[in-house]
Amino acid sequence: MELKESGEDYLEAVLELERKNGVVRSVDVAAYLGVSKPSVSKAMGHLKEAGFINQKTYGDIMLTDKGRQRAGEVLKRHRLLCAFFQDVLGISRETAQKDACRAEHVLSQETMEKILCYMESNKYTY
């Protein structure tokens, strides 16, 4: 299933919150992303239907293997782009975070690979 940008953002948020807190609740996702609880509920329904998460009614949100893999890919792209924007281009952390969040969804695999090669060959970390 093809995920929209917002679906990838929700998956990334669940992974980040899981790593930080161990347990992920809808209210945590809403606060993390700055969205309403009904928006989270709707998004989690779509992600559950697509096989990316498991969640019992009003229960904790858990990534499936498929969801964890996809969220990890999105998070890796995000971190790589943040590092590139900040360390190579000299963009402020706040702007780099915002721009990376948008760019991580639209840049081609070829572009991402070139940025990765550049970062690794110049010994940047992300």
# chains A, B, ... in the order shown; residues from 1 in each chain; ligands from 1
>>> select_by_dssp(residues="chain A", states="strand (DSSP E)", output="list of chain:residue names")
A:Ile53, A:Asn54, A:Met62, A:Leu63
>>> residues_around(residues="Tyr32 of chain A", least_positions_apart="3", cutoff="12 Å", atoms="only C-alpha atoms", output="list of chain:residue names")
A:Asp9, A:Tyr10, A:Leu11, A:Glu12, A:Ala13, A:Val14, A:Leu15, A:Glu16, A:Leu17, A:Glu18, A:Lys20, A:Val24, A:Arg25, A:Ser26, A:Val27, A:Asp28, A:Val29, A:Val35, A:Ser36, A:Lys37, A:Val40
>>> write_last_selection(atoms="N, CA and C atoms", output="PDB file, in the first residue's frame")
ATOM      1  N   ASP A   9       4.379  10.343   8.341  1.00  0.00           N
ATOM      2  CA  ASP A   9       4.644  11.171   9.525  1.00  0.00           C
ATOM      3  C   ASP A   9       4.122  10.490  10.790  1.00  0.00           C
ATOM      4  N   TYR A  10       2.946   9.902  10.706  1.00  0.00           N
ATOM      5  CA  TYR A  10       2.388   9.196  11.861  1.00  0.00           C
ATOM      6  C   TYR A  10       3.247   7.988  12.227  1.00  0.00           C
ATOM      7  N   LEU A  11       3.674   7.217  11.237  1.00  0.00           N
ATOM      8  CA  LEU A  11       4.538   6.065  11.518  1.00  0.00           C
ATOM      9  C   LEU A  11       5.839   6.491  12.169  1.00  0.00           C
ATOM     10  N   GLU A  12       6.433   7.533  11.635  1.00  0.00           N
ATOM     11  CA  GLU A  12       7.685   8.056  12.198  1.00  0.00           C
ATOM     12  C   GLU A  12       7.474   8.494  13.647  1.00  0.00           C
ATOM     13  N   ALA A  13       6.356   9.164  13.913  1.00  0.00           N
ATOM     14  CA  ALA A  13       6.053   9.616  15.273  1.00  0.00           C
ATOM     15  C   ALA A  13       5.897   8.431  16.222  1.00  0.00           C
ATOM     16  N   VAL A  14       5.202   7.394  15.779  1.00  0.00           N
ATOM     17  CA  VAL A  14       5.014   6.213  16.624  1.00  0.00           C
ATOM     18  C   VAL A  14       6.362   5.583  16.958  1.00  0.00           C
ATOM     19  N   LEU A  15       7.232   5.469  15.970  1.00  0.00           N
ATOM     20  CA  LEU A  15       8.555   4.890  16.210  1.00  0.00           C
ATOM     21  C   LEU A  15       9.358   5.743  17.178  1.00  0.00           C
ATOM     22  N   GLU A  16       9.377   7.044  16.972  1.00  0.00           N
ATOM     23  CA  GLU A  16      10.120   7.944  17.862  1.00  0.00           C
ATOM     24  C   GLU A  16       9.584   7.862  19.292  1.00  0.00           C
ATOM     25  N   LEU A  17       8.273   7.870  19.444  1.00  0.00           N
ATOM     26  CA  LEU A  17       7.671   7.804  20.779  1.00  0.00           C
ATOM     27  C   LEU A  17       7.917   6.447  21.442  1.00  0.00           C
ATOM     28  N   GLU A  18       7.885   5.401  20.649  1.00  0.00           N
ATOM     29  CA  GLU A  18       8.169   4.068  21.185  1.00  0.00           C
ATOM     30  C   GLU A  18       9.595   4.005  21.723  1.00  0.00           C
ATOM     31  N   LYS A  20      11.368   6.490  22.753  1.00  0.00           N
ATOM     32  CA  LYS A  20      11.505   7.400  23.883  1.00  0.00           C
ATOM     33  C   LYS A  20      10.778   6.895  25.129  1.00  0.00           C
ATOM     34  N   VAL A  24       3.226   3.640  23.364  1.00  0.00           N
ATOM     35  CA  VAL A  24       2.703   4.745  22.564  1.00  0.00           C
ATOM     36  C   VAL A  24       1.181   4.775  22.687  1.00  0.00           C
ATOM     37  N   ARG A  25       0.680   5.931  23.071  1.00  0.00           N
ATOM     38  CA  ARG A  25      -0.766   6.146  23.163  1.00  0.00           C
ATOM     39  C   ARG A  25      -1.164   7.221  22.163  1.00  0.00           C
ATOM     40  N   SER A  26      -2.400   7.214  21.771  1.00  0.00           N
ATOM     41  CA  SER A  26      -2.895   8.202  20.805  1.00  0.00           C
ATOM     42  C   SER A  26      -2.665   9.624  21.276  1.00  0.00           C
ATOM     43  N   VAL A  27      -2.873   9.860  22.556  1.00  0.00           N
ATOM     44  CA  VAL A  27      -2.694  11.215  23.098  1.00  0.00           C
ATOM     45  C   VAL A  27      -1.244  11.678  22.934  1.00  0.00           C
ATOM     46  N   ASP A  28      -0.296  10.739  23.049  1.00  0.00           N
ATOM     47  CA  ASP A  28       1.116  11.080  22.867  1.00  0.00           C
ATOM     48  C   ASP A  28       1.406  11.457  21.422  1.00  0.00           C
ATOM     49  N   VAL A  29       0.819  10.707  20.493  1.00  0.00           N
ATOM     50  CA  VAL A  29       1.009  10.998  19.070  1.00  0.00           C
ATOM     51  C   VAL A  29       0.418  12.364  18.737  1.00  0.00           C
ATOM     52  N   VAL A  35      -1.526  17.602  16.522  1.00  0.00           N
ATOM     53  CA  VAL A  35      -2.796  17.371  15.839  1.00  0.00           C
ATOM     54  C   VAL A  35      -3.847  16.953  16.867  1.00  0.00           C
ATOM     55  N   SER A  36      -5.081  16.871  16.441  1.00  0.00           N
ATOM     56  CA  SER A  36      -6.166  16.494  17.355  1.00  0.00           C
ATOM     57  C   SER A  36      -6.205  14.983  17.571  1.00  0.00           C
ATOM     58  N   LYS A  37      -6.800  14.583  18.685  1.00  0.00           N
ATOM     59  CA  LYS A  37      -6.956  13.152  18.965  1.00  0.00           C
ATOM     60  C   LYS A  37      -7.831  12.453  17.921  1.00  0.00           C
ATOM     61  N   VAL A  40      -5.647  11.607  14.996  1.00  0.00           N
ATOM     62  CA  VAL A  40      -4.800  10.447  15.287  1.00  0.00           C
ATOM     63  C   VAL A  40      -5.614   9.171  15.160  1.00  0.00           C
TER      64      VAL A  40
END
>>> select_by_dssp(residues="chain A", states="helix (DSSP H, G or I)", output="PyMOL selection string")
chain A and resi 5-21+26-33+37-49+65-88+93-103+109-121
>>> closest_residue(among="A:Lys42, A:Val23, A:Leu89, A:Leu80", to="Lys114 of chain A", atoms="only C-alpha atoms")
A:Leu80
>>> residues_around(residues="Leu116 of chain A", least_positions_apart="3", cutoff="9 Å", atoms="only C-alpha atoms", output="count of residues only")
9
>>> atom_distance(atom1="atom CA of His46 of chain A", atom2="atom CA of Arg68 of chain A")
15.6 Å
>>> residues_around(residues="Lys123 of chain A", least_positions_apart="5", cutoff="12 Å", atoms="only C-alpha atoms", output="list of chain:residue names")
A:Ala83, A:Phe84, A:Asp87, A:Val88, A:Leu116, A:Cys117, A:Tyr118
